Amino acid sequence: MDGLLDDMQGKSRIDAVDEFAYPLPVTVICKVLGVPLEDEPRFHSWIETALDALDFGPEAASDEMQSRLAGGRRAVKEFGQFTAELLDRYDRQPGPGMLSAMVNEDGPEGGMSKGVLVSNALLLIFAGHETTVNLIAHSVLTLLRHPDALEKLRRRPELIVPGVEELLRFESSVQFWHTRSAVEDIDIAGTTIPKGAPIFLAYGSANRDPKRFANPDELDLERRDNQHLGFSQGIHFCFGAPLARLEVQVAVGEFVRRVENPRLVEDPPPYRHNQIFRGPRHVLVDIDGIRD
């Protein structure tokens, strides 16, 4: 983290996504999983292409979107082949990281099949790559939009722990998820969701629910009882949440401490074309310098 900020010294304008929010979680997830960092540019391109193909808007049926969908399918296939080759490499010669452990550790019911290994590896790389980038970028963007909160965090750095929870609630990196279904008929407000029907859970909406959160559209770094759905809940709770929290606490805490007089250049910044994984493509920030 210090190295990323050190590299910004002497600059008067930075991109808080490309130069800050992106490099840290990608480096961390590569190290945790055992993905060679030199391969990162390849899988970053595949992930970007695949995410651009996720579209639930009215333009989803357009020729352009169909082309994106085809590109997304190719990207996922190529990424899967890359992941399978990496797992084969660790099968032949074990190495550091979770992927090698997954290949070489037999559970009580035996090892995972090749298909399950590849699917889980893809999930871990996607999840550890995109959502934390968006969370760091959104945290910086939100604090720059709320200079009083930024100054408060600078004066009271201990607020970074509850502050990150509020930033998670305020700007949800995952807006909704679409892979659940009703296990029985469910009656809600006079409408029956029939058994077996797909259910889209809108985390972003739930996190701004006025019945659950007082003044939900206000940023409160000291909000109490902040039981947000930024990492989902129940059996679907994100098991990477502790790592993501730690990364964001360190990254945002150091940004607030070291970056002098940060100002947004463009608001709103350009966003990725994706309704599920929500995050800015770039956050340009003018600065007066980087403190030691």
# chains A, B, ... in the order shown; residues from 1 in each chain; ligands from 1
call {"tool": "residues_around", "arguments": {"residues": "Gln175 of chain A", "least_positions_apart": "2", "cutoff": "6 Å", "atoms": "only C-alpha atoms", "output": "list of chain:residue names"}}
result
A:Ser172, A:Ala202, A:Tyr203, A:Gly204, A:Ile276
call {"tool": "select_by_dssp", "arguments": {"residues": "segment 170-240 of chain A", "states": "helix (DSSP H, G or I)", "output": "JSON, numbers by chain"}}
result
{"A": [170, 203, 204, 205, 206, 234, 235, 236]}
call {"tool": "residues_around", "arguments": {"residues": "Thr83 of chain A", "least_positions_apart": "5", "cutoff": "9 Å", "atoms": "only C-alpha atoms", "output": "short mmCIF file (atom, residue, chain, number, x, y, z; two decimals) with all heavy atoms, in the first residue's frame"}}
result
data_model
loop_
_atom_site.label_atom_id
_atom_site.label_comp_id
_atom_site.auth_asym_id
_atom_site.auth_seq_id
_atom_site.Cartn_x
_atom_site.Cartn_y
_atom_site.Cartn_z
N GLU A 78 -11.85 -19.10 -22.29
CA GLU A 78 -10.39 -18.96 -22.26
C GLU A 78 -9.88 -18.88 -20.83
O GLU A 78 -8.83 -19.46 -20.49
CB GLU A 78 -9.98 -17.72 -23.05
CG GLU A 78 -10.21 -17.85 -24.54
CD GLU A 78 -9.98 -16.53 -25.27
OE1 GLU A 78 -9.55 -15.55 -24.63
OE2 GLU A 78 -10.27 -16.48 -26.49
N ASP A 88 -3.62 -27.96 -13.21
CA ASP A 88 -2.82 -29.11 -13.64
C ASP A 88 -1.36 -28.94 -13.23
O ASP A 88 -0.70 -29.90 -12.81
CB ASP A 88 -2.90 -29.28 -15.16
CG ASP A 88 -4.23 -29.86 -15.62
OD1 ASP A 88 -4.94 -30.45 -14.77
OD2 ASP A 88 -4.57 -29.71 -16.81
N VAL A 118 -12.21 -26.20 -11.20
CA VAL A 118 -12.14 -25.06 -12.11
C VAL A 118 -13.21 -24.03 -11.77
O VAL A 118 -12.95 -22.82 -11.71
CB VAL A 118 -12.28 -25.51 -13.58
CG1 VAL A 118 -12.41 -24.31 -14.51
CG2 VAL A 118 -11.06 -26.35 -13.99
N ALA A 121 -12.24 -22.22 -8.58
CA ALA A 121 -11.10 -21.34 -8.81
C ALA A 121 -11.52 -20.07 -9.55
O ALA A 121 -11.10 -18.96 -9.20
CB ALA A 121 -10.02 -22.08 -9.60
N LEU A 122 -12.37 -20.24 -10.58
CA LEU A 122 -12.88 -19.07 -11.30
C LEU A 122 -13.66 -18.14 -10.37
O LEU A 122 -13.49 -16.91 -10.41
CB LEU A 122 -13.79 -19.52 -12.45
CG LEU A 122 -13.09 -20.07 -13.70
CD1 LEU A 122 -14.12 -20.67 -14.64
CD2 LEU A 122 -12.31 -18.98 -14.41
#
call {"tool": "closest_residue", "arguments": {"among": "A:Leu135, A:Leu150, A:Leu51, A:Val248", "to": "Asn274 of chain A", "atoms": "only C-alpha atoms"}}
result
A:Leu51
call {"tool": "residues_around", "arguments": {"residues": "segment 16-32 of chain A", "least_positions_apart": "6", "cutoff": "10 Å", "atoms": "only C-alpha atoms", "output": "ChimeraX atom specification"}}
result
/A:1,4-5,7-8,38-40,44,96-99,124-141,243-244,247-248,251-252,255,264,279-285
call {"tool": "atom_distance", "arguments": {"atom1": "atom CA of Ser12 of chain A", "atom2": "atom CA of Val265 of chain A"}}
result
11.4 Å
call {"tool": "closest_residue", "arguments": {"among": "A:Asp209, A:His236, A:Asp6, A:Pro242", "to": "Thr179 of chain A", "atoms": "only C-alpha atoms"}}
result
A:His236
call {"tool": "residues_around", "arguments": {"residues": "Pro162 of chain A", "least_positions_apart": "4", "cutoff": "7 Å", "atoms": "only C-alpha atoms", "output": "compact mmCIF listing (two decimals) with C-alpha atoms, in the first residue's frame"}}
result
# COMPACT_ATOMS: atom_id res chain seq x y z
CA GLU A 166 -21.05 2.33 6.47
CA LEU A 221 -19.35 6.80 9.87
CA GLU A 222 -20.55 6.09 13.42
call {"tool": "closest_residue", "arguments": {"among": "A:Gly240, A:Pro157, A:Gly163, A:Gly72", "to": "Glu254 of chain A", "atoms": "only C-alpha atoms"}}
result
A:Pro157
call {"tool": "residues_around", "arguments": {"residues": "Arg257 of chain A", "least_positions_apart": "3", "cutoff": "12 Å", "atoms": "only C-alpha atoms", "output": "PyMOL selection string"}}
result
chain A and resi 2+5+150-158+160+249-254+260-262+289-292
call {"tool": "atom_distance", "arguments": {"atom1": "atom CA of Phe200 of chain A", "atom2": "atom CA of His228 of chain A"}}
result
17.1 Å
call {"tool": "residues_around", "arguments": {"residues": "Val183 of chain A", "least_positions_apart": "6", "cutoff": "9 Å", "atoms": "only C-alpha atoms", "output": "short mmCIF file (atom, residue, chain, number, x, y, z; two decimals) with C-alpha atoms, in the first residue's frame"}}
result
data_model
loop_
_atom_site.label_atom_id
_atom_site.label_comp_id
_atom_site.auth_asym_id
_atom_site.auth_seq_id
_atom_site.Cartn_x
_atom_site.Cartn_y
_atom_site.Cartn_z
CA PRO A 194 -44.50 -19.36 -6.55
CA LYS A 195 -42.28 -22.22 -5.55
CA GLY A 196 -39.36 -22.58 -7.96
CA ALA A 197 -39.55 -19.00 -9.25
#
call {"tool": "closest_residue", "arguments": {"among": "A:Ile14, A:Leu159, A:Ile186, A:Leu86", "to": "Asp220 of chain A", "atoms": "only C-alpha atoms"}}
result
A:Leu159
call {"tool": "atom_distance", "arguments": {"atom1": "atom CA of Leu144 of chain A", "atom2": "atom CA of Asp267 of chain A"}}
result
10.0 Å
call {"tool": "closest_residue", "arguments": {"among": "A:Leu69, A:Ala50, A:Ile193, A:Ser119", "to": "Ala84 of chain A", "atoms": "only C-alpha atoms"}}
result
A:Ser119
call {"tool": "decode", "arguments": {"residues": "segment 198-255 of chain A", "atoms": "C-alpha atoms", "output": "PDB file, in the first residue's frame"}}
result
ATOM      1  CA  PRO A 198     -36.224 -17.165  -9.620  1.00  0.00           C
ATOM      2  CA  ILE A 199     -35.605 -14.447  -7.035  1.00  0.00           C
ATOM      3  CA  PHE A 200     -33.418 -11.383  -7.560  1.00  0.00           C
ATOM      4  CA  LEU A 201     -32.181  -9.991  -4.234  1.00  0.00           C
ATOM      5  CA  ALA A 202     -31.527  -6.249  -4.520  1.00  0.00           C
ATOM      6  CA  TYR A 203     -28.784  -5.643  -1.952  1.00  0.00           C
ATOM      7  CA  GLY A 204     -28.359  -2.018  -2.963  1.00  0.00           C
ATOM      8  CA  SER A 205     -32.023  -1.338  -2.272  1.00  0.00           C
ATOM      9  CA  ALA A 206     -32.071  -3.223   1.040  1.00  0.00           C
ATOM     10  CA  ASN A 207     -29.056  -1.260   2.256  1.00  0.00           C
ATOM     11  CA  ARG A 208     -31.022   1.991   1.782  1.00  0.00           C
ATOM     12  CA  ASP A 209     -34.268   0.686   3.322  1.00  0.00           C
ATOM     13  CA  PRO A 210     -35.706   3.444   5.569  1.00  0.00           C
ATOM     14  CA  LYS A 211     -37.536   0.802   7.625  1.00  0.00           C
ATOM     15  CA  ARG A 212     -34.154  -0.650   8.622  1.00  0.00           C
ATOM     16  CA  PHE A 213     -31.785   2.332   8.590  1.00  0.00           C
ATOM     17  CA  ALA A 214     -32.498   5.795   9.977  1.00  0.00           C
ATOM     18  CA  ASN A 215     -31.734   8.466   7.355  1.00  0.00           C
ATOM     19  CA  PRO A 216     -30.463   5.820   4.911  1.00  0.00           C
ATOM     20  CA  ASP A 217     -29.292   8.334   2.297  1.00  0.00           C
ATOM     21  CA  GLU A 218     -26.969  10.024   4.786  1.00  0.00           C
ATOM     22  CA  LEU A 219     -23.380   8.866   5.318  1.00  0.00           C
ATOM     23  CA  ASP A 220     -22.784   8.245   9.034  1.00  0.00           C
ATOM     24  CA  LEU A 221     -19.355   6.800   9.873  1.00  0.00           C
ATOM     25  CA  GLU A 222     -20.552   6.093  13.421  1.00  0.00           C
ATOM     26  CA  ARG A 223     -23.839   4.411  12.467  1.00  0.00           C
ATOM     27  CA  ARG A 224     -24.942   1.912  15.117  1.00  0.00           C
ATOM     28  CA  ASP A 225     -26.466  -1.504  14.486  1.00  0.00           C
ATOM     29  CA  ASN A 226     -25.279  -1.374  10.898  1.00  0.00           C
ATOM     30  CA  GLN A 227     -26.439  -4.817   9.779  1.00  0.00           C
ATOM     31  CA  HIS A 228     -26.070  -4.204   6.054  1.00  0.00           C
ATOM     32  CA  LEU A 229     -26.180  -6.765   3.241  1.00  0.00           C
ATOM     33  CA  GLY A 230     -22.937  -5.692   1.586  1.00  0.00           C
ATOM     34  CA  PHE A 231     -21.652  -9.269   1.885  1.00  0.00           C
ATOM     35  CA  SER A 232     -25.081 -10.954   1.668  1.00  0.00           C
ATOM     36  CA  GLN A 233     -26.291 -13.033   4.656  1.00  0.00           C
ATOM     37  CA  GLY A 234     -26.900 -16.560   5.895  1.00  0.00           C
ATOM     38  CA  ILE A 235     -25.346 -19.489   4.073  1.00  0.00           C
ATOM     39  CA  HIS A 236     -24.580 -17.176   1.146  1.00  0.00           C
ATOM     40  CA  PHE A 237     -22.459 -14.816   3.262  1.00  0.00           C
ATOM     41  CA  CYS A 238     -19.211 -13.943   1.465  1.00  0.00           C
ATOM     42  CA  PHE A 239     -16.438 -16.013   3.016  1.00  0.00           C
ATOM     43  CA  GLY A 240     -13.904 -13.520   1.666  1.00  0.00           C
ATOM     44  CA  ALA A 241     -15.465 -10.724   3.738  1.00  0.00           C
ATOM     45  CA  PRO A 242     -12.715 -10.605   6.419  1.00  0.00           C
ATOM     46  CA  LEU A 243     -10.026 -10.200   3.754  1.00  0.00           C
ATOM     47  CA  ALA A 244     -12.023  -7.568   1.859  1.00  0.00           C
ATOM     48  CA  ARG A 245     -12.688  -5.610   5.058  1.00  0.00           C
ATOM     49  CA  LEU A 246      -9.000  -5.646   5.962  1.00  0.00           C
ATOM     50  CA  GLU A 247      -7.927  -4.527   2.493  1.00  0.00           C
ATOM     51  CA  VAL A 248     -10.388  -1.633   2.452  1.00  0.00           C
ATOM     52  CA  GLN A 249      -9.568  -0.549   6.005  1.00  0.00           C
ATOM     53  CA  VAL A 250      -5.861  -0.387   5.174  1.00  0.00           C
ATOM     54  CA  ALA A 251      -6.286   1.177   1.724  1.00  0.00           C
ATOM     55  CA  VAL A 252      -8.819   3.854   2.637  1.00  0.00           C
ATOM     56  CA  GLY A 253      -7.150   4.602   5.960  1.00  0.00           C
ATOM     57  CA  GLU A 254      -3.823   5.278   4.250  1.00  0.00           C
ATOM     58  CA  PHE A 255      -5.458   7.268   1.445  1.00  0.00           C
TER      59      PHE A 255
END
